[in-house]
file target_24.txt (compact mmCIF, C-alpha atoms)
# COMPACT_ATOMS: atom_id res chain seq x y z
CA MET A 20 96.25 -63.79 -106.91
CA GLU A 21 98.13 -65.83 -109.45
CA PRO A 22 95.76 -65.21 -112.37
CA ALA A 23 95.76 -61.45 -111.62
CA GLU A 24 99.51 -61.36 -111.19
CA GLY A 25 100.15 -63.47 -114.28
CA PRO A 26 98.46 -61.34 -116.93
CA GLY A 27 99.83 -58.14 -115.33
CA ALA A 28 103.34 -59.49 -115.46
CA LEU A 29 102.82 -60.84 -118.93
CA GLY A 30 101.43 -57.55 -120.24
CA PHE A 31 104.33 -55.56 -118.80
CA HIS A 32 106.85 -58.05 -120.10
CA GLY A 33 105.23 -57.91 -123.50
CA ASP A 34 105.71 -54.13 -123.62
CA GLU A 35 109.34 -54.57 -122.78
CA GLU A 36 109.73 -57.04 -125.57
CA ILE A 37 108.12 -54.74 -128.09
CA ILE A 38 110.43 -51.89 -127.07
CA GLU A 39 113.41 -54.18 -127.38
CA VAL A 40 112.38 -55.41 -130.80
CA VAL A 41 111.99 -51.84 -132.10
CA GLU A 42 115.37 -50.69 -130.71
CA LEU A 43 117.60 -53.69 -131.08
CA GLY A 44 115.82 -55.91 -133.58
CA PRO A 45 117.19 -56.13 -137.13
CA PRO A 46 120.44 -54.15 -137.11
CA GLY A 47 120.68 -53.80 -140.89
CA PRO A 48 117.62 -51.56 -141.49
CA ASP A 49 118.33 -49.53 -138.35
CA ASP A 50 121.89 -48.83 -139.44
CA LEU A 51 120.60 -47.92 -142.88
CA ALA A 52 117.98 -45.59 -141.38
CA ASP A 53 120.64 -43.88 -139.28
CA GLU A 54 122.83 -43.39 -142.34
CA MET A 55 119.88 -42.00 -144.31
CA GLU A 56 119.19 -39.54 -141.50
CA ASP A 57 122.81 -38.43 -141.64
CA VAL A 58 122.47 -37.81 -145.35
CA ASP A 59 119.25 -35.81 -144.93
CA PHE A 60 120.84 -33.78 -142.15
CA ASP A 61 123.72 -32.76 -144.39
CA ASP A 62 122.66 -29.67 -146.34
CA GLU A 63 125.21 -30.38 -149.05
CA GLY A 64 123.47 -33.67 -149.79
CA ALA A 65 120.22 -31.88 -150.61
CA GLU A 66 120.59 -32.32 -154.34
CA GLU A 67 118.57 -35.28 -155.45
CA PRO A 68 121.17 -37.05 -157.63
CA ASP A 69 123.70 -36.93 -154.79
CA ALA A 70 121.18 -38.25 -152.30
CA GLU A 71 120.38 -41.14 -154.64
CA ALA A 72 124.06 -41.89 -155.10
CA TRP A 73 124.56 -41.90 -151.35
CA GLU A 74 121.59 -44.23 -150.85
CA THR A 75 122.90 -46.65 -153.43
CA GLU A 76 126.37 -46.66 -151.91
CA ASP A 77 124.97 -47.10 -148.42
CA ASP A 78 122.78 -49.96 -149.58
CA GLU A 79 125.78 -51.63 -151.13
CA GLY A 80 127.83 -50.95 -148.03
CA VAL A 81 125.27 -52.65 -145.82
CA GLU A 82 125.14 -55.68 -148.09
CA ASP A 83 128.92 -55.86 -148.27
CA GLY A 84 129.13 -55.45 -144.51
CA MET A 85 127.09 -58.60 -144.06
CA GLU A 86 129.43 -60.55 -146.30
CA ALA A 87 132.86 -59.07 -145.60
CA GLN A 88 134.56 -57.43 -142.66
CA ASP A 89 135.13 -53.69 -142.58
CA ASP A 90 137.77 -52.67 -140.05
CA SER A 91 137.66 -48.99 -141.04
CA GLU A 92 136.47 -46.16 -138.80
CA VAL A 93 135.54 -43.67 -141.53
CA THR A 94 134.58 -44.11 -145.19
CA PHE A 95 134.80 -41.23 -147.64
CA SER A 96 132.42 -41.91 -150.55
CA LEU A 97 132.25 -38.74 -152.65
CA HIS A 98 134.32 -40.15 -155.53
CA SER A 99 132.36 -41.84 -158.30
CA ALA A 100 135.25 -43.85 -159.77
CA SER A 101 138.56 -45.38 -158.67
CA VAL A 102 140.48 -43.25 -156.15
CA PHE A 103 144.12 -43.12 -157.27
CA CYS A 104 145.98 -41.08 -154.67
CA VAL A 105 145.89 -39.84 -151.09
CA SER A 106 148.06 -37.56 -148.98
CA LEU A 107 147.80 -36.34 -145.38
CA ASP A 108 148.57 -32.79 -144.35
CA PRO A 109 152.03 -32.93 -142.70
CA LYS A 110 151.44 -30.31 -140.01
CA THR A 111 148.36 -31.65 -138.23
CA ASN A 112 147.63 -34.97 -139.97
CA THR A 113 143.92 -34.08 -139.69
CA LEU A 114 143.22 -33.47 -143.40
CA ALA A 115 143.41 -35.78 -146.39
CA VAL A 116 143.39 -34.99 -150.09
CA THR A 117 142.26 -37.67 -152.53
CA GLY A 118 142.22 -37.71 -156.33
CA GLY A 119 140.40 -40.06 -158.65
CA GLU A 120 139.45 -41.35 -162.05
CA ASP A 121 136.31 -39.17 -161.86
CA ASP A 122 138.55 -36.11 -162.60
CA LYS A 123 137.92 -34.90 -159.06
CA ALA A 124 140.03 -34.14 -155.99
CA PHE A 125 138.66 -33.50 -152.51
CA VAL A 126 140.14 -32.17 -149.28
CA TRP A 127 138.36 -33.74 -146.31
CA ARG A 128 138.63 -34.29 -142.57
CA VAL A 129 140.12 -37.60 -141.51
CA SER A 130 138.20 -37.73 -138.19
CA ASP A 131 134.72 -37.89 -139.73
CA GLY A 132 135.07 -37.79 -143.52
CA GLU A 133 133.59 -34.27 -143.68
CA LEU A 134 134.31 -32.52 -146.99
CA LEU A 135 136.24 -29.23 -146.66
CA PHE A 136 136.36 -28.33 -150.33
CA GLU A 137 136.58 -29.76 -153.81
CA CYS A 138 139.67 -29.04 -155.92
CA SER A 139 137.60 -28.40 -159.03
CA GLY A 140 138.49 -27.81 -162.66
CA HIS A 141 140.41 -30.95 -163.62
CA LYS A 142 139.66 -32.50 -166.98
CA ASP A 143 141.36 -35.86 -166.56
CA SER A 144 141.98 -38.45 -163.84
CA VAL A 145 143.63 -36.85 -160.79
CA THR A 146 146.67 -39.05 -160.16
CA CYS A 147 148.80 -36.79 -157.94
CA ALA A 148 147.80 -34.83 -154.85
CA GLY A 149 149.70 -33.53 -151.84
CA PHE A 150 150.10 -30.85 -149.19
CA SER A 151 153.04 -28.48 -148.86
CA HIS A 152 155.45 -29.07 -145.94
CA ASP A 153 153.57 -26.61 -143.70
CA SER A 154 150.07 -27.66 -144.85
CA MET A 155 149.43 -24.16 -146.21
CA PHE A 156 148.88 -25.32 -149.80
CA VAL A 157 147.46 -28.40 -151.47
CA ALA A 158 148.42 -29.34 -155.04
CA THR A 159 146.51 -31.63 -157.39
CA GLY A 160 147.65 -32.88 -160.78
CA ASP A 161 145.78 -34.79 -163.49
CA MET A 162 147.06 -37.16 -166.16
CA SER A 163 146.78 -34.56 -168.91
CA GLY A 164 149.25 -32.33 -167.03
CA LEU A 165 147.00 -29.72 -165.46
CA ILE A 166 148.39 -28.88 -162.00
CA LYS A 167 146.45 -26.68 -159.57
CA VAL A 168 147.35 -25.32 -156.13
CA TRP A 169 144.89 -24.15 -153.46
CA ARG A 170 145.37 -22.32 -150.18
CA VAL A 171 143.93 -24.66 -147.58
CA ASP A 172 142.67 -22.00 -145.15
CA THR A 173 140.83 -19.90 -147.76
CA LYS A 174 139.96 -22.87 -150.04
CA GLU A 175 140.91 -20.67 -153.01
CA GLU A 176 142.90 -21.65 -156.07
CA VAL A 177 146.12 -19.62 -156.11
CA TRP A 178 148.01 -21.10 -159.08
CA SER A 179 147.69 -23.43 -162.01
CA PHE A 180 149.93 -24.58 -164.82
CA GLU A 181 149.70 -27.02 -167.70
CA VAL A 182 152.56 -29.33 -168.64
CA GLY A 183 152.75 -32.50 -170.74
CA ASP A 184 151.24 -35.77 -169.52
CA LEU A 185 151.98 -35.92 -165.80
CA GLU A 186 153.93 -38.85 -164.33
CA TRP A 187 154.56 -37.72 -160.73
CA MET A 188 154.52 -34.64 -158.52
CA GLU A 189 156.11 -33.79 -155.16
CA TRP A 190 156.40 -30.85 -152.79
CA HIS A 191 159.78 -29.63 -151.53
CA PRO A 192 160.38 -30.74 -147.91
CA GLN A 193 161.14 -27.21 -146.62
CA ALA A 194 159.81 -24.66 -149.13
CA HIS A 195 156.76 -23.73 -151.20
CA VAL A 196 158.30 -25.37 -154.24
CA LEU A 197 156.66 -28.02 -156.41
CA LEU A 198 158.49 -30.57 -158.57
CA ALA A 199 156.86 -32.69 -161.27
CA GLY A 200 157.94 -35.13 -163.96
CA THR A 201 156.29 -35.48 -167.36
CA ALA A 202 156.04 -37.98 -170.20
CA ASP A 203 158.33 -35.88 -172.44
CA GLY A 204 161.24 -36.50 -170.07
CA ASN A 205 161.27 -33.08 -168.43
CA SER A 206 161.10 -32.35 -164.73
CA TRP A 207 159.54 -29.02 -163.77
CA MET A 208 160.08 -26.95 -160.64
CA TRP A 209 157.91 -24.00 -159.61
CA LYS A 210 157.89 -21.54 -156.73
CA ILE A 211 154.35 -21.29 -155.36
CA PRO A 212 152.39 -19.09 -155.73
CA SER A 213 154.65 -16.84 -157.84
CA GLY A 214 155.05 -19.54 -160.50
CA ASP A 215 158.77 -18.92 -161.13
CA CYS A 216 159.75 -21.95 -163.18
CA LYS A 217 162.80 -24.07 -163.96
CA THR A 218 163.01 -27.21 -166.12
CA PHE A 219 165.41 -30.15 -165.98
CA GLN A 220 165.69 -31.82 -169.33
CA GLY A 221 166.03 -35.58 -169.19
CA PRO A 222 166.33 -38.12 -172.02
CA ALA A 223 163.54 -38.14 -174.62
CA CYS A 224 161.40 -40.58 -172.66
CA PRO A 225 159.06 -40.27 -169.65
CA ALA A 226 160.43 -39.17 -166.26
CA THR A 227 158.66 -42.04 -164.49
CA CYS A 228 159.49 -41.27 -160.84
CA GLY A 229 161.25 -38.66 -158.74
CA ARG A 230 162.06 -37.55 -155.24
CA ILE A 231 163.55 -34.43 -153.69
CA LEU A 232 166.37 -35.42 -151.35
CA PRO A 233 166.16 -34.43 -147.66
CA ASP A 234 168.76 -31.66 -148.06
CA GLY A 235 166.30 -29.86 -150.34
CA LYS A 236 169.11 -29.06 -152.78
CA ARG A 237 169.04 -32.15 -154.96
CA ALA A 238 166.44 -34.34 -156.61
CA VAL A 239 166.71 -37.85 -157.99
CA VAL A 240 164.69 -38.68 -161.12
CA GLY A 241 164.22 -42.06 -162.80
CA TYR A 242 163.37 -42.50 -166.47
CA GLU A 243 161.68 -45.01 -168.74
CA ASP A 244 164.95 -45.90 -170.48
CA GLY A 245 166.39 -47.18 -167.18
CA THR A 246 168.59 -44.16 -166.47
CA LEU A 247 168.75 -42.28 -163.18
CA ARG A 248 169.81 -38.65 -162.75
CA ILE A 249 170.67 -36.72 -159.61
CA TRP A 250 169.92 -33.05 -160.23
CA ASP A 251 171.26 -29.92 -158.55
CA LEU A 252 168.02 -27.95 -158.11
CA LYS A 253 169.68 -24.53 -157.83
CA GLN A 254 172.05 -24.87 -160.78
CA GLY A 255 169.69 -26.94 -162.91
CA THR A 256 172.51 -29.32 -163.78
CA SER A 257 172.75 -33.08 -163.39
CA LEU A 258 175.34 -34.08 -160.78
CA HIS A 259 175.31 -37.78 -161.68
CA VAL A 260 173.85 -39.86 -164.47
CA LEU A 261 173.51 -43.62 -164.00
CA LYS A 262 172.92 -45.52 -167.22
CA GLY A 263 173.94 -48.74 -168.93
CA GLN A 264 175.19 -51.22 -166.34
CA ASP A 265 174.85 -48.65 -163.56
CA GLY A 266 171.26 -47.88 -164.51
CA HIS A 267 168.40 -50.33 -164.99
CA GLN A 268 167.57 -52.46 -168.01
CA ASP A 269 163.89 -51.48 -167.88
CA PRO A 270 161.84 -48.42 -166.83
CA LEU A 271 162.26 -47.17 -163.28
CA THR A 272 159.11 -47.45 -161.16
CA CYS A 273 160.13 -45.89 -157.84
CA VAL A 274 162.91 -44.10 -155.97
CA ALA A 275 163.49 -43.45 -152.27
CA SER A 276 166.18 -42.01 -150.04
CA ASN A 277 167.20 -42.69 -146.46
CA GLN A 278 166.67 -40.10 -143.74
CA ASP A 279 169.87 -38.11 -144.29
CA GLY A 280 169.80 -38.49 -148.07
CA SER A 281 173.16 -40.26 -148.25
CA LEU A 282 171.64 -43.35 -149.88
CA ILE A 283 169.17 -43.65 -152.72
CA MET A 284 167.30 -46.78 -153.69
CA THR A 285 165.81 -47.32 -157.13
CA GLY A 286 163.30 -49.92 -158.30
CA SER A 287 162.51 -51.04 -161.81
CA VAL A 288 160.41 -53.25 -164.05
CA ASP A 289 163.61 -55.34 -164.37
CA CYS A 290 162.94 -56.59 -160.79
CA HIS A 291 166.20 -55.14 -159.49
CA ALA A 292 166.55 -52.64 -156.65
CA LYS A 293 169.78 -50.65 -156.63
CA LEU A 294 171.40 -48.91 -153.70
CA VAL A 295 173.24 -45.75 -154.76
CA ASN A 296 175.56 -43.41 -152.87
CA SER A 297 174.00 -39.99 -153.56
CA SER A 298 177.29 -38.09 -153.12
CA THR A 299 179.36 -40.16 -155.54
CA GLY A 300 176.61 -41.51 -157.80
CA LYS A 301 178.12 -44.98 -157.42
CA VAL A 302 175.99 -48.14 -157.14
CA VAL A 303 176.70 -49.65 -153.72
CA CYS A 304 174.87 -52.92 -154.36
CA VAL A 305 172.09 -54.51 -156.41
CA PHE A 306 169.27 -56.51 -154.85
CA LYS A 307 168.06 -59.01 -157.43
CA MET A 308 164.75 -60.81 -157.33
CA GLU A 309 166.23 -63.93 -158.93
CA SER A 310 168.57 -64.49 -156.01
CA MET A 311 165.65 -64.62 -153.61
CA ALA A 312 163.41 -67.30 -155.02
CA PRO A 313 163.08 -69.71 -157.94
CA LYS A 314 160.97 -68.28 -160.73
CA ALA A 315 157.41 -69.49 -160.91
CA PRO A 316 156.78 -72.13 -163.58
CA ALA A 317 155.39 -69.86 -166.29
CA GLY A 318 156.15 -68.82 -169.83
CA GLU A 319 159.13 -66.50 -170.10
CA GLY A 320 157.15 -63.60 -171.49
CA GLU A 321 154.45 -64.00 -168.91
CA GLU A 322 156.92 -64.15 -166.03
CA ALA A 323 158.74 -61.05 -167.25
CA GLU A 324 155.46 -59.17 -167.37
CA SER A 325 154.10 -60.44 -164.09
CA ASN A 326 156.74 -59.01 -161.79
CA SER A 327 158.46 -55.71 -161.08
CA VAL A 328 159.54 -53.57 -158.15
CA GLU A 329 156.50 -51.47 -157.23
CA SER A 330 157.59 -49.66 -154.08
CA LEU A 331 160.55 -49.35 -151.72
CA GLY A 332 161.71 -47.45 -148.67
CA PHE A 333 164.26 -47.15 -145.89
CA CYS A 334 163.74 -47.79 -142.18
CA ASN A 335 164.66 -44.77 -140.02
CA VAL A 336 165.68 -46.66 -136.88
CA MET A 337 167.61 -49.66 -138.22
CA PRO A 338 169.81 -50.24 -141.30
CA LEU A 339 166.97 -51.93 -143.18
CA ALA A 340 165.24 -51.36 -146.50
CA ALA A 341 162.03 -52.85 -147.83
CA VAL A 342 161.19 -53.68 -151.43
CA GLY A 343 157.67 -54.58 -152.57
CA TYR A 344 157.13 -56.60 -155.74
CA LEU A 345 154.17 -57.07 -158.05
CA ASP A 346 154.22 -60.83 -157.38
CA GLY A 347 153.38 -60.15 -153.73
CA THR A 348 156.86 -60.50 -152.24
CA LEU A 349 157.93 -58.05 -149.54
CA ALA A 350 161.69 -58.29 -149.18
CA ILE A 351 163.44 -56.85 -146.12
CA TYR A 352 167.13 -56.23 -146.79
CA ASP A 353 169.88 -55.67 -144.24
CA LEU A 354 171.88 -52.71 -145.54
CA SER A 355 174.93 -53.30 -143.33
CA THR A 356 175.47 -56.80 -144.76
CA GLN A 357 173.63 -56.14 -148.06
CA THR A 358 171.73 -59.40 -147.67
CA LEU A 359 168.11 -60.51 -147.67
CA ARG A 360 166.84 -60.63 -144.10
CA HIS A 361 163.18 -61.63 -144.54
CA LYS A 362 160.77 -62.48 -147.29
CA CYS A 363 157.12 -61.81 -146.46
CA GLN A 364 154.71 -63.28 -148.99
CA HIS A 365 151.40 -61.70 -149.98
CA GLU A 366 148.77 -63.54 -151.98
CA SER A 367 148.55 -60.69 -154.47
CA GLY A 368 150.71 -57.87 -155.75
CA ILE A 369 152.04 -55.12 -153.49
CA VAL A 370 151.01 -51.65 -154.66
CA GLN A 371 152.88 -49.56 -152.12
CA LEU A 372 154.83 -49.81 -148.87
CA LEU A 373 155.59 -47.28 -146.13
CA TRP A 374 157.74 -47.45 -143.01
CA GLU A 375 156.64 -46.09 -139.66
CA GLU A 376 158.68 -42.99 -138.82
CA SER A 377 160.09 -44.25 -135.55
CA SER A 378 160.03 -48.04 -135.59
CA ALA A 379 160.98 -51.07 -137.66
CA VAL A 380 157.40 -51.64 -138.81
CA VAL A 381 156.57 -51.59 -142.50
CA TYR A 382 153.07 -51.24 -143.95
CA THR A 383 151.96 -52.72 -147.26
CA CYS A 384 148.82 -52.32 -149.32
CA SER A 385 148.02 -54.77 -152.05
CA LEU A 386 145.72 -55.76 -154.88
CA ASP A 387 143.65 -57.94 -152.54
CA GLY A 388 142.35 -54.81 -150.78
CA ALA A 389 144.14 -55.32 -147.45
CA VAL A 390 146.62 -53.23 -145.44
CA ARG A 391 149.18 -55.26 -143.53
CA LEU A 392 151.72 -54.34 -140.85
CA TRP A 393 154.98 -56.29 -140.71
CA ASP A 394 157.68 -56.41 -138.06
CA ALA A 395 160.84 -56.04 -140.12
CA ARG A 396 162.98 -57.50 -137.34
CA SER A 397 161.14 -60.83 -137.23
CA GLY A 398 159.53 -60.83 -140.67
CA LYS A 399 156.18 -61.63 -139.02
CA MET A 400 152.89 -59.97 -139.84
CA ILE A 401 151.60 -57.89 -136.91
CA SER A 402 148.08 -57.19 -138.15
CA GLU A 403 145.84 -56.92 -141.19
CA TYR A 404 143.05 -54.45 -141.96
CA ARG A 405 140.28 -55.00 -144.49
CA GLY A 406 137.27 -53.05 -145.68
CA HIS A 407 137.70 -52.39 -149.40
CA SER A 408 135.90 -54.48 -152.01
CA ALA A 409 138.58 -53.81 -154.63
CA GLU A 410 142.34 -53.28 -154.82
CA ILE A 411 143.99 -50.56 -152.73
CA LEU A 412 145.69 -48.07 -155.05
CA ASP A 413 147.41 -45.76 -152.55
CA PHE A 414 147.68 -45.17 -148.82
CA ALA A 415 149.17 -42.81 -146.25
CA VAL A 416 150.18 -43.25 -142.60
CA ASN A 417 150.06 -40.40 -140.07
CA LYS A 418 153.11 -39.32 -138.05
CA ASP A 419 152.43 -41.29 -134.88
CA ALA A 420 151.33 -44.32 -136.92
CA SER A 421 147.88 -44.40 -135.32
CA ILE A 422 145.86 -44.14 -138.54
CA VAL A 423 146.12 -45.35 -142.12
CA VAL A 424 144.14 -43.73 -144.94
CA THR A 425 143.59 -45.87 -148.04
CA THR A 426 142.16 -45.32 -151.52
CA SER A 427 140.74 -48.02 -153.73
CA GLY A 428 139.25 -49.11 -157.01
CA ASP A 429 135.92 -49.44 -155.14
CA HIS A 430 135.50 -45.61 -155.41
CA GLN A 431 136.13 -45.14 -151.68
CA ALA A 432 138.77 -43.86 -149.29
CA LYS A 433 138.88 -45.34 -145.80
CA VAL A 434 140.44 -44.44 -142.47
CA PHE A 435 141.72 -47.29 -140.30
CA CYS A 436 142.78 -46.90 -136.68
CA VAL A 437 145.95 -48.88 -136.13
CA GLN A 438 146.18 -50.50 -132.73
CA ARG A 439 149.31 -52.32 -131.73
CA PRO A 440 149.83 -54.34 -128.55
CA ASP A 441 153.37 -52.99 -128.12
CA ARG A 442 152.17 -49.35 -127.82
call {"tool": "encode", "arguments": {"input": "target_24.txt", "output": "C-alpha cells"}}
result
Amino acid sequence: MEPAEGPGALGFHGDEEIIEVVELGPPGPDDLADEMEDVDFDDEGAEEPDAEAWETEDDEGVEDGMEAQDDSEVTFSLHSASVFCVSLDPKTNTLAVTGGEDDKAFVWRVSDGELLFECSGHKDSVTCAGFSHDSMFVATGDMSGLIKVWRVDTKEEVWSFEVGDLEWMEWHPQAHVLLAGTADGNSWMWKIPSGDCKTFQGPACPATCGRILPDGKRAVVGYEDGTLRIWDLKQGTSLHVLKGQDGHQDPLTCVASNQDGSLIMTGSVDCHAKLVNSSTGKVVCVFKMESMAPKAPAGEGEEAESNSVESLGFCNVMPLAAVGYLDGTLAIYDLSTQTLRHKCQHESGIVQLLWEESSAVVYTCSLDGAVRLWDARSGKMISEYRGHSAEILDFAVNKDASIVVTTSGDHQAKVFCVQRPDR
C-alpha cells in the first residue's frame, strides 16, 4: 500500500509543483512577457521602431523596478525625451496633456495611459500645454513660440499662431481665451478659435510669468527686470505697475492669486515672496528667505545662484500660503499674522507646489523625483510617492485630490493614486 500510494502522491505533487513554477516562478520575466503581449496587442505599436523602443523602456523599467520602488498606477512612455509640462482636463479630470523636449505633445487617458491623439507639428520643445475651462480645447506651445489649439472631441487642429520665444501660457478661467507671455516682454491674448488678438506691451525684457485673476477681467504679469504689472484685459491698460522697491530686485519666477483674487503673491530669483493687494497694487508684506534660516556656508556668488522662489500658492480653506524654494525649503506662511508658520525641508530643490482645493494639504514635487504631501497645519509630511528615476519637472492634481500626474526628466509621465487615512 505505502509504496503504491507514495509514488502516486509524489507524481501528483510533482505536477502541482511544475504548474506552480510556470505560473508563479520568476516574476520578472512573466511581467515582461505580459507587457510585451500588451505591446503586440496594440495596433498602434505595430511599427518596428516603436516596438523596439517600448521593449527597451520596459526592460529598463523592470530593472529599475527591482532596484527602486514605483508607487505609480500608470506610466505613460510615448515621449522620447524629458517631459516638461502636464495639465488635466478641468471638466472630467480623465484626460492629461503632456509636452516634452522631443517637440511632441500628447493627449492621453489618465486611467490607463491610452493615447487619444498627438498634438503634432511643433518644431521645438513643448513647454506649455493646457485645456480650456470646459475641456473643449487643448492648447500646446513650444519654446520657439508656435502655439496650437485642438478640439478635443474631434482631435482636429482649429487654430495656430506664432509669437516670439514663449515663456508661459494660460487659458482664461471662464472663456475660450488664451493668454501667453513672450521673451520680448509682450503678453498676447487671443479669442479661440476666431484668433481675435490683443497685445499688452511690457518692458523690453521677458514676461517671465503670468496669471489671469479669478474675476477674468485682470491679469498679473511678472517680468525679468523685477517689475510686476496688473493688466485690465478689456481695456488693454495696466492698472498697477510695481517696480523699484515695490517690485523685485531680480527676475520674477512665479505669481499666484487667492481664491477671490483679492491677493496676489509673487516669487523671484531674489528669494523674496511679496503679498500684493490686487485692488490697490500695494505690497502688503514681504516674506524674506533670510529671515527664516541662516545662509548655508558657501561662497556669496554660489549662494545667490543656488536659491530662488520656484513656486507658490494660496490655501483655499485657511489663511495660509506656501512658498517653495530651490534649496528645498517649503515655507508655510500665516497670512493673518504675516509670519512663518512651518518650514518643511526637502533634500533637493522644489520644482512646483500645489494646494488641494478643499483642504490645508500642500503637494510638492522636487528634483529628487518624489511627490510629497504636507499637512500645512502641523508642518508634517503625510506621505511620499516615488517612481521616477530623474527629477520631476511638473505635476497636476485632480479636483478631488485622488490622483497626481507627474512628468519627469526620465522621459515618462506617471499617475499616482493618493490615499490618505483621513479620507
call {"tool": "axis_aligned_box", "arguments": {"input": "target_24.txt", "around": "segment 83-102 of chain A", "padding_each_side": "8 Å", "output": "JSON"}}
result
{"center_x": 133.8, "center_y": -49.6, "center_z": -149.3, "size_x": 29.4, "size_y": 37.8, "size_z": 37.0}
call {"tool": "closest_residue", "arguments": {"input": "target_24.txt", "among": "A:Pro222, A:Thr113, A:Met162, A:Ser106", "to": "Phe150 of chain A", "atoms": "all atoms listed in the file"}}
result
A:Ser106
call {"tool": "atom_distance", "arguments": {"input": "target_24.txt", "atom1": "atom CA of His98 of chain A", "atom2": "atom CA of Glu410 of chain A"}}
result
15.4 Å
call {"tool": "residues_around", "arguments": {"input": "target_24.txt", "residues": "Met155 of chain A", "least_positions_apart": "5", "cutoff": "12 Å", "atoms": "only C-alpha atoms", "output": "NGL selection string"}}
result
:A and (108-111 or 114 or 149-150 or 168-175 or 177 or 190 or 194-195 or 211-212)
call {"tool": "closest_residue", "arguments": {"input": "target_24.txt", "among": "A:Ile411, A:Ala350, A:Ala340, A:Arg391", "to": "Ala379 of chain A", "atoms": "all atoms listed in the file"}}
result
A:Ala340
call {"tool": "residues_around", "arguments": {"input": "target_24.txt", "residues": "segment 289-300 of chain A", "least_positions_apart": "5", "cutoff": "7 Å", "atoms": "all atoms listed in the file", "output": "mmCIF file with C-alpha atoms, in the frame of the given file"}}
result
data_model
loop_
_atom_site.group_PDB
_atom_site.id
_atom_site.type_symbol
_atom_site.label_atom_id
_atom_site.label_comp_id
_atom_site.auth_asym_id
_atom_site.auth_seq_id
_atom_site.Cartn_x
_atom_site.Cartn_y
_atom_site.Cartn_z
ATOM 1 C CA HIS A 259 175.310 -37.780 -161.680
ATOM 2 C CA HIS A 267 168.400 -50.330 -164.990
ATOM 3 C CA GLN A 268 167.570 -52.460 -168.010
ATOM 4 C CA ASP A 269 163.890 -51.480 -167.880
ATOM 5 C CA SER A 281 173.160 -40.260 -148.250
ATOM 6 C CA LEU A 282 171.640 -43.350 -149.880
ATOM 7 C CA ILE A 283 169.170 -43.650 -152.720
ATOM 8 C CA MET A 284 167.300 -46.780 -153.690
ATOM 9 C CA VAL A 305 172.090 -54.510 -156.410
ATOM 10 C CA PHE A 306 169.270 -56.510 -154.850
ATOM 11 C CA LYS A 307 168.060 -59.010 -157.430
ATOM 12 C CA MET A 308 164.750 -60.810 -157.330
ATOM 13 C CA ASN A 326 156.740 -59.010 -161.790
ATOM 14 C CA SER A 327 158.460 -55.710 -161.080
ATOM 15 C CA VAL A 328 159.540 -53.570 -158.150
#
call {"tool": "atom_distance", "arguments": {"input": "target_24.txt", "atom1": "atom CA of Ile369 of chain A", "atom2": "atom CA of Asp387 of chain A"}}
result
8.9 Å
call {"tool": "closest_residue", "arguments": {"input": "target_24.txt", "among": "A:Arg360, A:Lys433, A:His365, A:Arg439", "to": "Ile401 of chain A", "atoms": "only C-alpha atoms"}}
result
A:Arg439
call {"tool": "closest_residue", "arguments": {"input": "target_24.txt", "among": "A:Thr272, A:Leu258, A:Asn112, A:Phe95", "to": "Ala420 of chain A", "atoms": "all atoms listed in the file"}}
result
A:Asn112
call {"tool": "closest_residue", "arguments": {"input": "target_24.txt", "among": "A:Thr218, A:Thr425, A:Gln364, A:Gln88", "to": "Trp393 of chain A", "atoms": "all atoms listed in the file"}}
result
A:Gln364
call {"tool": "atom_distance", "arguments": {"input": "target_24.txt", "atom1": "atom CA of Glu376 of chain A", "atom2": "atom CA of Asn417 of chain A"}}
result
9.1 Å
call {"tool": "residues_around", "arguments": {"input": "target_24.txt", "residues": "segment 228-231 of chain A", "least_positions_apart": "2", "cutoff": "6 Å", "atoms": "all atoms listed in the file", "output": "PDB file with C-alpha atoms, in the coordinates of the input"}}
result
ATOM      1  CA  ALA A 226     160.430 -39.170-166.260  1.00  0.00           C
ATOM      2  CA  ALA A 238     166.440 -34.340-156.610  1.00  0.00           C
ATOM      3  CA  VAL A 239     166.710 -37.850-157.990  1.00  0.00           C
ATOM      4  CA  VAL A 240     164.690 -38.680-161.120  1.00  0.00           C
ATOM      5  CA  GLY A 241     164.220 -42.060-162.800  1.00  0.00           C
ATOM      6  CA  CYS A 273     160.130 -45.890-157.840  1.00  0.00           C
TER       7      CYS A 273
END
call {"tool": "residues_around", "arguments": {"input": "target_24.txt", "residues": "segment 138-147 of chain A", "least_positions_apart": "5", "cutoff": "12 Å", "atoms": "all atoms listed in the file", "output": "PyMOL selection string"}}
result
chain A and resi 98-106+116-127+156-171+174-181+184-190+197-200+228+412-413+426
call {"tool": "closest_residue", "arguments": {"input": "target_24.txt", "among": "A:Leu261, A:Leu247, A:Val303, A:Leu345", "to": "Pro225 of chain A", "atoms": "all atoms listed in the file"}}
result
A:Leu247
